[in-house]
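Shown next: query.cif, given as mmCIF, C-alpha atoms.
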```cif
data_upload
#
loop_
_atom_site.label_atom_id
_atom_site.label_comp_id
_atom_site.auth_asym_id
_atom_site.auth_seq_id
_atom_site.Cartn_x
_atom_site.Cartn_y
_atom_site.Cartn_z
CA MET A 1 15.27 37.28 84.01
CA CYS A 2 11.96 37.41 82.11
CA VAL A 3 11.39 37.53 78.36
CA ALA A 4 8.52 39.33 76.61
CA THR A 5 7.94 37.81 73.18
CA VAL A 6 7.25 40.31 70.39
CA ALA A 7 6.11 40.01 66.78
CA SER A 8 9.24 41.32 65.08
CA MET A 9 12.85 42.38 65.40
CA THR A 10 11.75 45.99 64.83
CA LEU A 11 9.38 45.88 67.81
CA ALA A 12 12.08 44.17 69.87
CA MET A 13 14.45 47.04 69.02
CA LYS A 14 11.81 49.62 69.84
CA GLY A 15 11.06 47.93 73.14
CA LYS A 16 14.70 47.62 74.09
CA SER A 17 15.28 51.28 73.26
CA ALA A 18 12.25 52.38 75.33
CA LEU A 19 13.30 50.29 78.33
CA SER A 20 16.93 51.39 78.16
CA ALA A 21 15.80 55.02 78.11
CA ARG A 22 14.06 54.30 81.45
CA LYS A 23 17.17 52.61 82.85
CA ILE A 24 15.78 49.10 82.63
CA GLU A 25 18.46 46.69 81.51
CA ALA A 26 17.11 45.02 78.37
CA GLU A 27 18.45 42.66 75.76
CA ILE A 28 17.05 41.11 72.58
CA VAL A 29 17.02 37.32 72.49
CA GLY A 30 15.79 34.62 70.17
CA VAL A 31 12.81 32.63 71.50
CA ASP A 32 12.47 28.86 71.22
CA PRO A 33 10.08 28.34 68.26
CA ALA A 34 8.46 25.49 70.19
CA LEU A 35 7.14 28.02 72.70
CA THR A 36 5.54 30.41 70.23
CA LYS A 37 3.60 27.93 68.03
CA LYS A 38 4.21 30.34 65.13
CA GLY A 39 7.85 29.68 64.45
CA CYS A 40 10.84 31.98 64.94
CA ALA A 41 10.31 34.93 67.26
CA TYR A 42 12.24 37.46 69.26
CA GLY A 43 11.91 38.55 72.81
CA ILE A 44 13.04 41.32 75.11
CA ARG A 45 14.85 40.04 78.18
CA PHE A 46 14.43 42.20 81.29
CA PRO A 47 14.67 41.76 85.07
CA CYS A 48 11.56 39.99 86.41
CA ALA A 49 11.62 42.32 89.41
CA ARG A 50 10.72 45.18 87.07
CA ARG A 51 7.94 43.39 85.22
CA GLY A 52 5.14 45.83 86.07
CA GLU A 53 7.18 48.83 85.00
CA THR A 54 8.32 47.04 81.85
CA GLU A 55 4.77 46.17 80.82
CA ARG A 56 3.70 49.77 81.39
CA ILE A 57 6.51 51.15 79.25
CA LEU A 58 5.89 48.68 76.43
CA ARG A 59 2.20 49.54 76.48
CA GLN A 60 2.97 53.28 76.43
CA HIS A 61 5.04 52.77 73.29
CA GLY A 62 2.39 50.69 71.56
CA ILE A 63 4.47 47.51 71.67
CA ALA A 64 2.26 44.45 71.92
CA TRP A 65 3.83 41.36 73.45
CA GLY A 66 2.63 37.80 73.27
CA THR A 67 3.77 36.02 76.38
CA ILE A 68 6.09 36.80 79.26
CA LEU A 69 8.35 33.83 79.75
CA GLY A 70 10.14 33.11 82.95
CA GLY A 71 7.88 34.92 85.39
CA GLY A 72 4.41 33.44 84.95
CA SER A 73 1.98 34.13 82.09
CA GLY A 74 0.61 37.48 80.98
CA GLY A 75 0.46 39.65 77.90
CA THR A 76 -1.61 41.86 75.69
CA MET B 1 32.02 67.26 34.39
CA ILE B 2 28.81 68.98 35.43
CA TYR B 3 26.09 66.72 36.75
CA LEU B 4 22.55 68.02 36.14
CA ASP B 5 20.59 64.77 36.39
CA HIS B 6 19.66 64.78 40.07
CA ALA B 7 16.05 63.89 39.23
CA ALA B 8 17.38 60.53 38.04
CA THR B 9 19.73 60.04 40.97
CA SER B 10 21.77 62.40 43.12
CA TYR B 11 25.52 62.61 42.59
CA PRO B 12 28.02 62.92 44.18
CA LYS B 13 26.95 61.45 47.50
CA PRO B 14 28.09 63.02 50.77
CA PRO B 15 31.37 61.51 52.08
CA ASP B 16 29.53 60.30 55.22
CA VAL B 17 27.29 58.15 53.00
CA LEU B 18 30.26 56.51 51.28
CA ARG B 19 31.97 55.87 54.61
CA ALA B 20 28.81 54.41 56.17
CA VAL B 21 28.33 51.92 53.32
CA ALA B 22 31.95 50.73 53.58
CA ARG B 23 31.81 50.59 57.38
CA CYS B 24 28.59 48.59 57.32
CA MET B 25 30.05 46.05 54.90
CA ARG B 26 33.13 45.73 57.10
CA GLU B 27 31.50 45.66 60.52
CA CYS B 28 27.80 44.72 60.19
CA GLY B 29 28.15 41.62 58.06
CA GLY B 30 25.23 39.64 59.54
CA ASN B 31 21.70 39.33 58.22
CA PRO B 32 19.33 41.71 60.07
CA GLY B 33 16.41 40.06 61.87
CA ARG B 34 17.85 36.63 61.20
CA GLY B 35 19.29 35.52 64.50
CA THR B 36 20.73 37.40 67.45
CA HIS B 37 24.49 36.93 67.13
CA ARG B 38 26.51 40.13 67.28
CA LEU B 39 26.88 40.70 63.54
CA ALA B 40 23.18 40.08 62.89
CA MET B 41 22.35 42.50 65.71
CA ARG B 42 24.66 45.20 64.34
CA ALA B 43 22.89 44.91 61.00
CA ALA B 44 19.47 45.01 62.72
CA GLU B 45 20.52 48.10 64.67
CA THR B 46 21.52 49.80 61.40
CA LEU B 47 18.06 49.19 59.96
CA TYR B 48 16.37 50.32 63.15
CA GLU B 49 18.37 53.57 63.32
CA CYS B 50 17.42 54.39 59.76
CA ARG B 51 13.75 53.57 60.40
CA ARG B 52 13.84 55.89 63.43
CA GLU B 53 15.51 58.73 61.50
CA ALA B 54 13.13 58.38 58.53
CA ALA B 55 10.05 58.21 60.76
CA GLU B 56 11.11 61.41 62.50
CA TYR B 57 11.97 63.19 59.26
CA PHE B 58 8.71 62.24 57.51
CA GLY B 59 6.43 62.71 60.53
CA ALA B 60 5.45 59.04 60.82
CA ALA B 61 4.11 57.50 64.03
CA GLY B 62 7.17 55.36 64.76
CA PRO B 63 10.08 53.35 63.34
CA GLU B 64 7.82 50.34 62.76
CA ARG B 65 5.93 52.34 60.12
CA VAL B 66 9.02 52.46 57.87
CA ALA B 67 9.51 49.48 55.53
CA PHE B 68 12.55 49.20 53.28
CA THR B 69 12.07 48.38 49.62
CA MET B 70 14.44 48.15 46.69
CA ASN B 71 13.36 51.59 45.42
CA ALA B 72 10.31 53.86 45.12
CA THR B 73 8.91 51.77 42.25
CA TYR B 74 8.77 48.65 44.45
CA ALA B 75 7.11 50.69 47.17
CA LEU B 76 4.52 52.03 44.72
CA ASN B 77 3.83 48.56 43.32
CA MET B 78 3.27 47.17 46.81
CA ALA B 79 1.07 50.07 47.83
CA ILE B 80 -1.05 50.18 44.67
CA LYS B 81 -1.44 46.43 44.09
CA GLY B 82 -1.98 45.90 47.80
CA ALA B 83 -4.84 48.41 47.85
CA ALA B 84 -7.04 47.25 44.99
CA GLY B 85 -8.18 44.30 42.91
CA ALA B 86 -10.72 43.36 40.26
CA GLY B 87 -13.84 45.53 40.44
CA ASP B 88 -12.09 48.33 42.34
CA HIS B 89 -11.49 51.83 41.05
CA LEU B 90 -8.34 53.97 41.34
CA LEU B 91 -7.62 57.62 40.69
CA LEU B 92 -4.22 58.31 39.13
CA ASP B 93 -2.41 61.63 38.86
CA ARG B 94 -2.10 62.89 35.27
CA MET B 95 1.53 63.75 36.02
CA ALA B 96 2.32 60.17 37.07
CA HIS B 97 5.62 58.50 36.29
CA ASN B 98 5.41 54.95 34.96
CA SER B 99 6.33 53.76 38.46
CA SER B 100 2.74 54.43 39.51
CA ALA B 101 1.04 54.39 36.10
CA ARG B 102 2.13 50.88 35.12
CA PRO B 103 0.95 49.19 38.35
CA VAL B 104 -2.41 50.90 37.80
CA PHE B 105 -2.51 49.74 34.17
CA ALA B 106 -1.64 46.20 35.30
CA LEU B 107 -4.55 46.26 37.76
CA ALA B 108 -6.81 47.61 35.01
CA ASP B 109 -5.81 44.66 32.81
CA ALA B 110 -6.88 42.40 35.68
CA GLY B 111 -10.36 43.90 36.04
CA ALA B 112 -9.93 47.14 38.00
CA SER B 113 -10.72 50.55 36.51
CA TYR B 114 -9.10 53.95 36.82
CA ASP B 115 -9.45 57.61 35.95
CA LEU B 116 -6.82 60.26 35.51
CA ALA B 117 -7.03 63.45 37.58
CA GLU B 118 -5.17 66.76 37.64
CA LEU B 119 -3.90 66.79 41.23
CA SER B 120 -1.56 69.76 41.34
CA GLY B 121 -2.51 73.41 41.63
CA ASP B 122 -5.46 75.01 43.39
CA PRO B 123 -6.68 72.84 46.32
CA GLU B 124 -10.32 73.85 45.86
CA ARG B 125 -10.34 72.84 42.19
CA ILE B 126 -8.65 69.57 43.14
CA ARG B 127 -11.24 68.88 45.82
CA GLU B 128 -13.99 69.38 43.24
CA GLU B 129 -12.24 67.06 40.79
CA LEU B 130 -11.86 64.42 43.50
CA GLU B 131 -15.55 64.73 44.42
CA HIS B 132 -16.45 64.35 40.77
CA LYS B 133 -14.19 61.41 39.97
CA CYS B 134 -14.20 59.29 43.13
CA ARG B 135 -16.82 56.54 43.21
CA PRO B 136 -18.02 54.19 45.95
CA GLN B 137 -15.58 51.61 44.50
CA THR B 138 -12.58 53.96 44.62
CA ARG B 139 -9.95 52.33 46.81
CA ALA B 140 -6.96 54.61 46.33
CA VAL B 141 -5.85 58.00 45.05
CA ILE B 142 -2.29 57.92 43.73
CA VAL B 143 -0.65 61.32 43.82
CA THR B 144 2.64 62.42 42.29
CA HIS B 145 3.81 64.96 44.86
CA VAL B 146 6.22 66.62 42.42
CA PRO B 147 6.61 65.19 38.90
CA ASN B 148 9.97 64.27 37.40
CA VAL B 149 9.55 66.61 34.42
CA ALA B 150 7.95 69.68 36.00
CA ASN B 151 8.03 71.67 39.21
CA ARG B 152 4.32 71.78 40.06
CA GLU B 153 3.40 70.44 43.49
CA ALA B 154 0.34 68.54 44.69
CA PRO B 155 -1.28 69.96 47.87
CA LEU B 156 -0.95 66.81 49.95
CA ALA B 157 -2.77 68.01 53.07
CA ALA B 158 -5.88 68.99 51.07
CA ILE B 159 -5.93 65.69 49.18
CA GLY B 160 -5.23 63.81 52.43
CA ALA B 161 -8.17 65.49 54.17
CA PHE B 162 -10.49 64.49 51.32
CA CYS B 163 -9.26 60.87 51.33
CA ARG B 164 -9.66 60.58 55.12
CA ARG B 165 -13.24 61.83 54.93
CA ARG B 166 -14.04 59.30 52.22
CA GLY B 167 -12.05 56.39 53.65
CA ILE B 168 -9.89 56.19 50.52
CA THR B 169 -6.23 55.15 50.71
CA LEU B 170 -3.86 57.98 49.78
CA ILE B 171 -0.65 56.77 48.12
CA VAL B 172 2.00 59.41 47.45
CA ASP B 173 4.89 59.12 45.02
CA ALA B 174 7.56 61.33 46.60
CA ALA B 175 10.37 60.26 44.26
CA GLN B 176 11.19 63.87 43.36
CA SER B 177 10.18 65.64 46.56
CA ALA B 178 11.64 63.57 49.42
CA GLY B 179 14.53 65.57 50.79
CA SER B 180 13.59 68.88 49.18
CA HIS B 181 9.94 69.41 50.17
CA PRO B 182 8.52 69.17 53.69
CA ILE B 183 6.30 66.09 54.01
CA SER B 184 4.50 64.83 57.11
CA VAL B 185 2.82 61.44 56.79
CA GLU B 186 0.50 62.08 59.73
CA LYS B 187 -0.23 65.79 59.26
CA ASP B 188 -0.76 65.42 55.50
CA GLY B 189 -3.06 62.41 55.95
CA ILE B 190 -0.89 60.09 53.86
CA ASP B 191 -1.49 56.34 54.05
CA VAL B 192 1.55 55.20 52.09
CA LEU B 193 4.47 57.45 51.23
CA CYS B 194 6.77 55.93 48.60
CA VAL B 195 10.30 57.24 48.67
CA PRO B 196 13.56 56.44 46.88
CA GLY B 197 16.73 56.46 48.95
CA HIS B 198 19.07 57.56 46.18
CA LYS B 199 17.62 60.87 45.00
CA GLY B 200 16.95 63.81 47.31
CA LEU B 201 17.81 61.74 50.39
CA LEU B 202 21.34 61.33 49.01
CA GLY B 203 21.65 57.62 49.79
CA PRO B 204 22.95 54.82 47.57
CA GLN B 205 20.92 53.15 44.85
CA GLY B 206 19.27 49.89 45.91
CA CYS B 207 17.00 51.04 48.68
CA GLY B 208 13.78 52.93 49.06
CA MET B 209 11.05 53.16 51.65
CA MET B 210 7.36 52.65 52.09
CA ILE B 211 6.32 54.84 55.01
CA LEU B 212 2.92 54.02 56.44
CA GLY B 213 0.40 56.28 58.08
CA GLU B 214 -0.84 55.27 61.51
CA ARG B 215 -4.42 54.67 60.32
CA TYR B 216 -3.29 52.52 57.39
CA ALA B 217 -4.38 48.99 58.22
CA GLY B 218 -2.18 47.34 55.59
CA GLY B 219 -2.83 45.95 52.18
CA LYS B 220 -2.29 42.64 50.44
CA THR B 221 1.31 41.60 49.99
CA ILE B 222 2.73 41.17 46.51
CA LEU B 223 6.04 39.64 47.62
CA GLU B 224 6.30 36.79 50.08
CA GLY B 225 9.29 35.07 51.58
CA GLY B 226 11.47 34.92 54.64
CA SER B 227 10.83 37.59 57.25
CA GLY B 228 12.84 36.29 60.20
CA VAL B 229 9.69 35.78 62.29
CA ARG B 230 6.58 33.58 62.41
CA SER B 231 8.13 31.07 60.06
CA GLU B 232 5.40 28.48 60.71
CA GLU B 233 2.75 30.74 59.20
CA ARG B 234 1.87 30.51 55.50
CA GLY B 235 1.67 34.25 54.90
CA MET B 236 3.80 37.25 55.75
CA PRO B 237 3.51 38.71 59.28
CA ASP B 238 0.46 40.93 59.81
CA SER B 239 2.30 43.93 61.14
CA PRO B 240 4.69 46.35 59.47
CA PRO B 241 7.48 46.74 58.62
CA GLU B 242 8.34 43.02 58.28
CA ARG B 243 5.07 42.39 56.42
CA TYR B 244 6.52 44.29 53.45
CA GLU B 245 10.13 43.12 53.67
CA ALA B 246 10.37 39.65 52.16
CA GLY B 247 13.96 38.46 51.97
CA THR B 248 17.23 40.02 53.07
CA PRO B 249 17.12 43.82 53.17
CA PRO B 250 19.92 45.92 51.58
CA THR B 251 21.68 46.74 54.87
CA PRO B 252 24.74 48.57 53.41
CA ALA B 253 22.47 50.76 51.27
CA VAL B 254 20.31 51.49 54.33
CA ALA B 255 23.44 52.45 56.29
CA GLY B 256 24.23 54.96 53.54
CA LEU B 257 20.65 56.19 53.44
CA LEU B 258 20.75 56.88 57.18
CA GLU B 259 23.70 59.22 56.66
CA GLY B 260 22.01 60.75 53.61
CA ILE B 261 18.91 61.65 55.63
CA ARG B 262 21.11 63.07 58.37
CA ALA B 263 22.96 65.19 55.80
CA VAL B 264 19.68 66.57 54.43
CA ARG B 265 18.42 67.34 57.94
CA ARG B 266 21.66 69.12 58.81
CA TYR B 267 21.44 71.22 55.67
CA GLY B 268 17.70 71.90 56.02
CA THR B 269 14.95 70.76 53.64
CA GLU B 270 13.78 74.31 52.87
CA ARG B 271 17.33 75.38 52.07
CA VAL B 272 17.69 72.48 49.64
CA LEU B 273 14.62 73.56 47.70
CA ALA B 274 15.62 77.25 47.77
CA HIS B 275 19.13 76.44 46.49
CA GLU B 276 17.95 74.14 43.70
CA SER B 277 15.13 76.48 42.66
CA ALA B 278 17.43 79.49 42.46
CA LEU B 279 19.87 77.66 40.19
CA ALA B 280 17.12 76.24 37.99
CA ALA B 281 15.50 79.68 37.70
CA ALA B 282 18.84 81.25 36.67
CA ALA B 283 19.35 78.56 34.04
CA ALA B 284 15.76 78.84 32.78
CA ASP B 285 16.02 82.65 32.46
CA ALA B 286 19.25 82.34 30.49
CA LEU B 287 17.78 79.64 28.22
CA ARG B 288 14.61 81.66 27.60
CA ALA B 289 16.74 84.49 26.23
CA LEU B 290 18.21 82.22 23.52
CA ASP B 291 16.87 82.06 19.97
CA GLY B 292 15.53 78.64 19.06
CA VAL B 293 15.21 77.42 22.67
CA ARG B 294 11.89 76.85 24.37
CA VAL B 295 11.59 76.39 28.12
CA ARG B 296 8.52 74.38 29.06
CA GLU B 297 8.21 74.75 32.81
CA ASP B 298 8.10 78.00 34.72
CA ALA B 299 7.02 77.04 38.26
CA PRO B 300 9.83 77.30 40.82
CA GLY B 301 11.69 74.05 41.49
CA ALA B 302 14.76 72.02 40.63
CA ILE B 303 13.87 71.15 37.04
CA VAL B 304 14.36 72.98 33.75
CA LEU B 305 12.63 71.28 30.84
CA PHE B 306 13.54 72.65 27.42
CA GLU B 307 13.74 71.98 23.70
CA VAL B 308 16.07 73.21 20.98
CA GLU B 309 14.04 74.00 17.87
CA GLY B 310 14.39 71.38 15.17
CA MET B 311 16.65 69.09 17.21
CA PRO B 312 15.46 65.81 18.73
CA SER B 313 15.93 65.92 22.50
CA PRO B 314 18.37 62.93 22.63
CA ALA B 315 20.63 64.76 20.14
CA VAL B 316 20.72 67.78 22.45
CA GLY B 317 21.52 65.50 25.40
CA GLU B 318 24.34 63.92 23.43
CA GLU B 319 25.78 67.32 22.46
CA LEU B 320 25.67 68.43 26.10
CA ASP B 321 27.41 65.24 27.19
CA ARG B 322 30.20 65.98 24.65
CA ARG B 323 30.64 69.28 26.47
CA GLY B 324 30.80 67.53 29.83
CA ILE B 325 27.25 68.23 30.98
CA CYS B 326 25.04 65.31 32.09
CA VAL B 327 21.30 65.80 31.53
CA ARG B 328 18.49 63.45 30.59
CA ALA B 329 16.53 63.69 27.35
CA GLY B 330 13.45 61.90 26.03
CA LEU B 331 10.22 61.00 27.79
CA HIS B 332 11.77 60.34 31.23
CA CYS B 333 9.50 57.29 31.82
CA ALA B 334 6.67 59.80 32.20
CA PRO B 335 4.68 59.82 28.94
CA LEU B 336 1.48 60.89 30.72
CA ALA B 337 3.17 63.96 32.19
CA HIS B 338 4.84 64.85 28.89
CA ARG B 339 1.42 64.79 27.21
CA VAL B 340 0.15 67.32 29.76
CA LEU B 341 3.18 69.53 29.10
CA GLY B 342 2.78 69.34 25.31
CA THR B 343 5.98 67.36 24.80
CA GLY B 344 4.36 63.96 24.52
CA LYS B 345 5.61 63.22 21.00
CA SER B 346 9.37 63.52 21.22
CA GLY B 347 9.97 64.48 24.81
CA ALA B 348 12.35 67.22 25.92
CA VAL B 349 15.68 67.84 27.61
CA ARG B 350 15.65 67.90 31.40
CA ALA B 351 18.30 69.58 33.49
CA SER B 352 17.72 68.89 37.18
CA PHE B 353 19.70 70.67 39.87
CA GLY B 354 20.91 69.29 43.16
CA ILE B 355 22.45 70.46 46.35
CA THR B 356 26.02 70.16 45.04
CA ASN B 357 25.45 72.39 41.98
CA THR B 358 26.55 76.01 41.77
CA GLU B 359 25.68 79.14 39.76
CA ARG B 360 28.60 78.31 37.53
CA ASP B 361 26.88 75.06 36.54
CA ALA B 362 23.71 76.94 35.59
CA ARG B 363 25.73 79.37 33.45
CA ALA B 364 27.69 76.55 31.84
CA LEU B 365 24.45 74.85 30.82
CA ALA B 366 23.10 78.01 29.24
CA ASP B 367 26.38 78.69 27.41
CA ALA B 368 26.53 75.14 26.06
CA VAL B 369 22.91 75.21 24.90
CA ALA B 370 23.52 78.61 23.25
CA GLU B 371 26.40 77.11 21.29
CA ILE B 372 24.41 73.99 20.31
CA ALA B 373 21.36 76.03 19.22
CA ALA B 374 23.50 78.47 17.24
CA ARG B 375 25.35 75.67 15.44
CA HIS B 376 22.14 73.87 14.66
CA GLY B 377 20.45 77.08 13.45
CA ARG B 378 23.23 77.85 10.96
#
```
For the structure just supplied, provide its representation as structure tokens.
Amino acid sequence: MCVATVASMTLAMKGKSALSARKIEAEIVGVDPALTKKGCAYGIRFPCARRGETERILRQHGIAWGTILGGGSGGT
Amino acid sequence: MIYLDHAATSYPKPPDVLRAVARCMRECGGNPGRGTHRLAMRAAETLYECRREAAEYFGAAGPERVAFTMNATYALNMAIKGAAGAGDHLLLDRMAHNSSARPVFALADAGASYDLAELSGDPERIREELEHKCRPQTRAVIVTHVPNVANREAPLAAIGAFCRRRGITLIVDAAQSAGSHPISVEKDGIDVLCVPGHKGLLGPQGCGMMILGERYAGGKTILEGGSGVRSEERGMPDSPPERYEAGTPPTPAVAGLLEGIRAVRRYGTERVLAHESALAAAAADALRALDGVRVREDAPGAIVLFEVEGMPSPAVGEELDRRGICVRAGLHCAPLAHRVLGTGKSGAVRASFGITNTERDARALADAVAEIAARHGR
């Protein structure tokens, strides 16, 4: 599974809701503060196999993500 | 008991609101946005659902544009103090409640300046007044959509169009209009809409909202603290809504507010206003027919503002309470508006109707005032 880090719980909720509506299994998780450099953060966990589709959906909904953990780097 | 003080807070609340508050306290006991265990997530989902519902209802760009505050006053303080500082200029509605007037006065004491403007009535006259009073240093126009002592309404879309053209932040106090008047943050060009949860939206006391327009880049924060994210940074997060939500939000109140908004949407905003206006008009007509009673406001809306000749307004309020009728008397925390209405010295009696009132309540008010005025006139 991959995790897209997002700036807030609200954006994590919005992202999860958008992905679920498109039948992508998504879950909100806490992210190790050591990985973000900015302290506590949340992420949206999704199947790495659907990374391209996930990024497109998040972008469509105006949800900026920081890093994608677990499947190589990337982000907005 | 007849409750005619809905402009202060709505009562009784819909049963769904009461149930939602109790259910949330029983089942969503975690702290929203603070961790991802199941109870924290249930609380976070409650907030998110309410943000989504409010964004849809008020025509905002998305749930992330809805920040929860303690009430409309907190929202107005954050919006106004976040928008301006020393050397800046603000334009304040003459009908303003102290919830927007006092933050402006506080800024003025710290080196800002302000002017008062008449922002309800004819849009063309308002546009001219805005042209005349706005300066290059004007940072925000603060509009009272509907005042708490009168029924006049500010034409938001016209004011919004002016502010957009001039790059001025439009802050709207919707304390009396949210839930009874159609408002669209995006279509009306509003930057910050400040809303209480416990009045026309039928939610519990203890929560309000600051709903942000899509073009609003965000102002300074006036409250800082835990936000659940970016804890290594010195300031609040850059993006809404967490930027404006320092500390633990009032989750049970938000759960109630969610059901309150749903109740209003089921009933229909236009129907709310029509119902309240019809009752207030019936009461006002009956009061006007009485000797020694003066009705101050004649525009259609939920409020009837009146005086009994020779009686201080608190005495009338007390007499009505003895007869089982709850109204509010005095200056209603709106001395500026009372000055405009000609009741600035001793205030007036305000009866404000809500969705749960009936024609019988309007008649009972008129009968009770008739008795009080007759006794006093003897």
Atomic distance CA of Asp109 in chain B - CA of Val146 in chain B, expressed in Å with one decimal:
26.8 Å
All residues 6 Å or closer to range 198-208 of chain B, only C-alpha atoms, same chain fewer than 6 positions away omitted, as number ranges by chain
B: 9-10, 13, 68-72, 178-179, 253, 256-257, 260-261
I need the residues from that last selection saved to file as a JSON list (two decimals), keeping the file's coordinate frame (with C-alpha atoms), if you can.
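File produced: part.json:
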```json
[["chain", "number", "residue", "atom", "x", "y", "z"],
["B", 9, "THR", "CA", 19.73, 60.04, 40.97],
["B", 10, "SER", "CA", 21.77, 62.40, 43.12],
["B", 13, "LYS", "CA", 26.95, 61.45, 47.50],
["B", 68, "PHE", "CA", 12.55, 49.20, 53.28],
["B", 69, "THR", "CA", 12.07, 48.38, 49.62],
["B", 70, "MET", "CA", 14.44, 48.15, 46.69],
["B", 71, "ASN", "CA", 13.36, 51.59, 45.42],
["B", 72, "ALA", "CA", 10.31, 53.86, 45.12],
["B", 178, "ALA", "CA", 11.64, 63.57, 49.42],
["B", 179, "GLY", "CA", 14.53, 65.57, 50.79],
["B", 253, "ALA", "CA", 22.47, 50.76, 51.27],
["B", 256, "GLY", "CA", 24.23, 54.96, 53.54],
["B", 257, "LEU", "CA", 20.65, 56.19, 53.44],
["B", 260, "GLY", "CA", 22.01, 60.75, 53.61],
["B", 261, "ILE", "CA", 18.91, 61.65, 55.63]]
```
Once the PyMOL selection byres ((chain B) within 7 of (chain A)) has been applied to the shown file, what residues remain in the selection, as number ranges by chain?
B: 33, 35-36, 48, 64, 228-233
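As for CA of Gln137 in chain B and CA of Asp88 in chain B, they are spaced 5.3 Å apart.
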Identify, on the basis of all atoms listed in the file, every residue whose closest approach to Glu224 in chain B does not exceed 8 Å; exclude the query and any residue fewer than 3 positions from it along the same chain; express the result as a PDB file with C-alpha atoms, keeping the file's coordinate frame.
```pdb
ATOM      1  CA  THR B 221       1.310  41.600  49.990  1.00  0.00           C
ATOM      2  CA  GLY B 235       1.670  34.250  54.900  1.00  0.00           C
ATOM      3  CA  MET B 236       3.800  37.250  55.750  1.00  0.00           C
ATOM      4  CA  ALA B 246      10.370  39.650  52.160  1.00  0.00           C
TER       5      ALA B 246
END
```
Separation of CA of Arg296 in chain B from CA of His338 in chain B in Å:
10.2 Å
Might you spell out which residues the PyMOL selection byres ((chain A and resi 50) around 12) would select in the displayed file, as a PyMOL selection string?
chain A and resi 1-3+19+22-26+45-49+51-57+71
List, as a PyMOL selection string, every residue that the PyMOL selection byres ((chain B and resi 110-112) around 7) selects in the file provided.
chain B and resi 85-89+106-109+113-114
Please save C-alpha atoms of the selected residues as a PDB file, in the coordinates of the input.
```pdb
ATOM      1  CA  GLY B  85      -8.180  44.300  42.910  1.00  0.00           C
ATOM      2  CA  ALA B  86     -10.720  43.360  40.260  1.00  0.00           C
ATOM      3  CA  GLY B  87     -13.840  45.530  40.440  1.00  0.00           C
ATOM      4  CA  ASP B  88     -12.090  48.330  42.340  1.00  0.00           C
ATOM      5  CA  HIS B  89     -11.490  51.830  41.050  1.00  0.00           C
ATOM      6  CA  ALA B 106      -1.640  46.200  35.300  1.00  0.00           C
ATOM      7  CA  LEU B 107      -4.550  46.260  37.760  1.00  0.00           C
ATOM      8  CA  ALA B 108      -6.810  47.610  35.010  1.00  0.00           C
ATOM      9  CA  ASP B 109      -5.810  44.660  32.810  1.00  0.00           C
ATOM     10  CA  SER B 113     -10.720  50.550  36.510  1.00  0.00           C
ATOM     11  CA  TYR B 114      -9.100  53.950  36.820  1.00  0.00           C
TER      12      TYR B 114
END
```
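The neighbours of Ala8 in chain B here are the residues that come within 10 Å of it, using all atoms listed in the file and leaving out any residue fewer than 6 positions away in the same chain; they are Asn148, Ala175, Gln176, His198, Lys199, Gly200, Val327, Arg328, His332 and Ser352 of chain B.
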